[in-house]
Amino acid sequence: MRKEKAAEIVTNAERDLAKRFAEIDEIALFNQEKVLKAFYNNAVQARHFYGSTGYGYDDAGRETLGKVFADALGAESALVSPLISSGTQAITLMLFAALRAGDKLLSVSGKPYDTLSDVISGKNCGSLADYGVNFDCIPLDTSAPENPDFDFPAIEKALKKEKIKAVFAGRSRGYEWRDAISVEKIGVLADFVKKISPETLVLVDNCYGEFVEKTEPTEVGADLIAGSLIKNIGGGVAPTGGYVAGKADLVEMAGKRLTAPSLGTEVGSFIGGYMQYFQGIFLAPQVVKNAVKSAHLFAKSFATQGFDALPADKRAAYDIVASIKMNSEQQLVRFCEAVQSVSPVDSNVVPVPWAMPGYQNDVIMAAGAFVQGSSIELSADSPIKEPYIVYVQGALTYEHAVIAVRKTLEKVLP
């Protein structure tokens with residue numbers, strides 16, 4: 001009986017989401033055309049799929065891949081590398097490219113994601129603080145979680161009080177009870193900052209946001225963005241890697257941090273080749289479409305059963321994540337167990353909370369993915385703390401999401 005009830009809940013949610021799903025389809029078509037144009041403009045050929053060895057001088061695959069990413073993201077230049085291990089490393093490259101000793105970094109979307117804590121203010125670990133970079137943050141206005149916004153009066157006060165070298169904003173929600181930040185609001189922020197302090201850079205953590213909308217932060221005034229290839233823009237195909245995109249001079253500085261100041265983006269070999277990365281960005285608009293639909297389906301299905309959930313179907317989603325408030329730690333754990341049980345990999349594994357590197361609380365994570373840690377594949381995770389919000393994201397296929405929503409309802413509902 002519980003199984004039939006779960007299936008009915010999902011069917012009803014799909015019916016109610018029909019208009020929203022049609023809008024998501026239209027965004028995916030727009031972005032697919034944008035990516036295809038990037039391939040065409042840069043004359044991608046089969047020879048670009050092959051890697052190089054040694055120093056990687058004149059690595060046509062590496063250079064062309066960067067140009068495709070830059071065009072697709074509306075940026076002057078892009079550093080794309082399988083040797084960037086994570087989104088955290090990509091953001092670190094972006095920050096070190098922009099900041100020097102004595103500079104001030106101001107986060108305007110609140111405290112950055114947990115894994116950036118030591119990057120910014122850690123002691124004796126090679127952090128920005130170790131190199132003399134100062135840091136402060138301004139919380140978002142989240143009085144309306146479905147419509148978070150920047151605290152512009154506080155930002156203006158900070159910019160007029162002292163020289164701010166860079167303003168930093170994260171698009172996705174992290175482990176916060178709010179929706180993601182839209183690209184439109186990033187554009188408003190960039191205009192606001194530049195009018196008060198034209199020399200201040202605008203840096204954006206773009207993780208979980210690529211291709212969710214028709215525009216990217218680099219198209220509305222951001223100087224640099226950074227993200228992971230095992231999230232949206234890798235299309236579920238890229239096995240590792242990250243990118244930094246934006247103004248050409250700043251991207252080159254990120255390259256100097258990745259390699260060496262004397263080398264920059266002129267070197268870098270990867271014998272494994274680049275086909276998966278080209279194919280990943282080509283597939284990304286469609287995979288992101290599936291993930292956004294998945295987020296809405298999870299949120300809508302649980303909302304109809306009395307759970308607080310984001311994104312609401314009345315508003316567009318600005319990342320691929322759904323947030324659902326569970327009523328207890330036990331219920332949260334059951335949700336993650338259900339997601340794990342319908343994963344294509346490690347479905348027999350039972351997830352348990354553990355001290356995950358870089359996080360402040362124990363974290364439970366359900367992630368039976370082909371690529372370890374791939375957040376564009378269906379996964380669910382949560383820090384073990386009240387109010388027990390589970391964050392579920394990704395889905396290479398929409399049908400996988402349907403199965404997972406049914407299963408989580410079966411496990412969680414009384």
# chains A, B, ... in the order shown; residues from 1 in each chain; ligands from 1
>>> residues_around(residues="A:Asn348", least_positions_apart="3", cutoff="12 Å", atoms="only C-alpha atoms", output="CSV table (one decimal) with C-alpha atoms, in the first residue's frame")
chain,number,residue,atom,x,y,z
A,337,GLU,CA,19.4,5.1,2.9
A,338,ALA,CA,16.6,5.1,0.4
A,339,VAL,CA,18.6,7.2,-2.1
A,340,GLN,CA,21.6,4.9,-1.7
A,341,SER,CA,19.4,1.8,-2.2
A,342,VAL,CA,18.3,2.9,-5.7
A,343,SER,CA,21.8,4.0,-6.8
A,344,PRO,CA,23.4,2.2,-9.7
A,345,VAL,CA,26.7,1.8,-7.7
A,351,PRO,CA,25.3,5.2,4.5
A,366,ALA,CA,24.2,8.8,-0.1
A,367,ALA,CA,26.2,8.7,-3.3
A,368,GLY,CA,26.2,5.6,-5.4
>>> closest_atom_pairs(of="stretch 264-327 of chain A", to="stretch 233-249 of chain A", cutoff="7 Å", atoms="only C-alpha atoms", output="tab-separated table")
residue	atom	partner	partner_atom	distance
A:Gln276	CA	A:Ala238	CA	5.2
A:Tyr277	CA	A:Ala238	CA	5.2
A:Gly280	CA	A:Gly235	CA	4.3
A:Ile281	CA	A:Gly234	CA	5.3
A:Leu283	CA	A:Gly235	CA	5.2
A:Ala284	CA	A:Gly235	CA	3.9
A:Val287	CA	A:Gly235	CA	5.7
>>> closest_atom_pairs(of="stretch 265-346 of chain A", to="stretch 206-227 of chain A", cutoff="7 Å", atoms="only C-alpha atoms", output="CSV")
residue,atom,partner,partner_atom,distance
A:Pro285,CA,A:Phe211,CA,5.8
A:Val288,CA,A:Val212,CA,6.5
A:Tyr318,CA,A:Val212,CA,6.1
A:Asp319,CA,A:Gly209,CA,4.8
A:Ile320,CA,A:Tyr208,CA,5.9
>>> residues_around(residues="A:Asn134", least_positions_apart="4", cutoff="12 Å", atoms="only C-alpha atoms", output="ChimeraX atom specification")
/A:99-107,120-122,127-130,162-166
>>> write_last_selection(atoms="C-alpha atoms", output="PDB file, in the first residue's frame")
ATOM      1  CA  LEU A  99      44.207  38.528  -4.067  1.00  0.00           C
ATOM      2  CA  ARG A 100      47.570  39.629  -2.673  1.00  0.00           C
ATOM      3  CA  ALA A 101      49.023  40.412   0.748  1.00  0.00           C
ATOM      4  CA  GLY A 102      47.155  43.252   2.413  1.00  0.00           C
ATOM      5  CA  ASP A 103      44.057  42.847   0.229  1.00  0.00           C
ATOM      6  CA  LYS A 104      40.568  42.490   1.657  1.00  0.00           C
ATOM      7  CA  LEU A 105      38.108  39.795   0.545  1.00  0.00           C
ATOM      8  CA  LEU A 106      34.444  40.379   1.343  1.00  0.00           C
ATOM      9  CA  SER A 107      31.954  37.528   1.074  1.00  0.00           C
ATOM     10  CA  ILE A 120      40.368  31.594   3.611  1.00  0.00           C
ATOM     11  CA  SER A 121      41.245  31.758   7.286  1.00  0.00           C
ATOM     12  CA  GLY A 122      43.095  28.577   8.265  1.00  0.00           C
ATOM     13  CA  SER A 127      45.565  29.839   3.469  1.00  0.00           C
ATOM     14  CA  LEU A 128      44.821  33.356   2.284  1.00  0.00           C
ATOM     15  CA  ALA A 129      45.212  34.479   5.891  1.00  0.00           C
ATOM     16  CA  ASP A 130      48.717  33.004   5.980  1.00  0.00           C
ATOM     17  CA  GLU A 162      37.834  50.652   3.195  1.00  0.00           C
ATOM     18  CA  LYS A 163      39.345  49.345  -0.001  1.00  0.00           C
ATOM     19  CA  ILE A 164      37.856  45.963  -0.893  1.00  0.00           C
ATOM     20  CA  LYS A 165      39.912  44.094  -3.479  1.00  0.00           C
ATOM     21  CA  ALA A 166      37.282  41.457  -4.206  1.00  0.00           C
TER      22      ALA A 166
END
>>> residues_around(residues="stretch 150-161 of chain A", least_positions_apart="6", cutoff="12 Å", atoms="only C-alpha atoms", output="compact mmCIF listing (two decimals) with C-alpha atoms, in the first residue's frame")
# COMPACT_ATOMS: atom_id res chain seq x y z
CA LYS A 104 40.57 42.49 1.66
CA LEU A 105 38.11 39.80 0.55
CA LEU A 106 34.44 40.38 1.34
CA SER A 107 31.95 37.53 1.07
CA VAL A 108 28.48 38.96 0.51
CA SER A 109 26.58 35.67 0.54
CA GLY A 110 27.40 34.88 4.13
CA PHE A 135 38.49 38.59 5.20
CA ASP A 136 35.00 39.58 6.29
CA CYS A 137 31.51 38.47 5.37
CA ILE A 138 28.03 39.92 5.17
CA PRO A 139 25.08 37.54 5.60
CA LEU A 140 22.41 37.31 2.96
CA ASP A 141 18.95 38.62 3.69
CA THR A 142 17.12 35.30 4.01
CA SER A 143 13.98 36.58 5.71
CA ALA A 144 12.19 35.09 2.70
CA VAL A 167 33.66 40.70 -3.43
CA PHE A 168 32.82 37.00 -3.31
CA ALA A 169 29.40 35.39 -3.76
CA GLY A 170 28.27 31.78 -3.87
CA ARG A 171 25.31 30.96 -6.11
CA ALA A 180 20.07 29.68 -4.63
CA ILE A 181 20.96 33.13 -5.95
CA SER A 182 19.83 33.92 -9.48
CA GLU A 184 20.04 38.26 -12.43
CA LYS A 185 20.84 39.10 -8.82
CA ILE A 186 24.53 38.45 -9.45
CA GLY A 187 24.29 41.01 -12.24
CA VAL A 188 22.64 43.54 -9.94
CA LEU A 189 25.39 42.91 -7.39
CA ALA A 190 28.15 43.39 -9.98
CA ASP A 191 26.65 46.68 -11.19
CA PHE A 192 26.19 47.88 -7.61
CA VAL A 193 29.76 47.07 -6.61
CA LYS A 194 31.35 48.57 -9.73
CA LYS A 195 29.44 51.86 -9.37
CA ILE A 196 30.76 52.34 -5.85
CA SER A 197 34.23 50.82 -6.33
CA PRO A 198 35.10 50.22 -10.01
CA GLU A 199 38.37 48.46 -9.16
CA THR A 200 36.76 45.89 -6.88
CA LEU A 201 36.57 42.43 -8.46
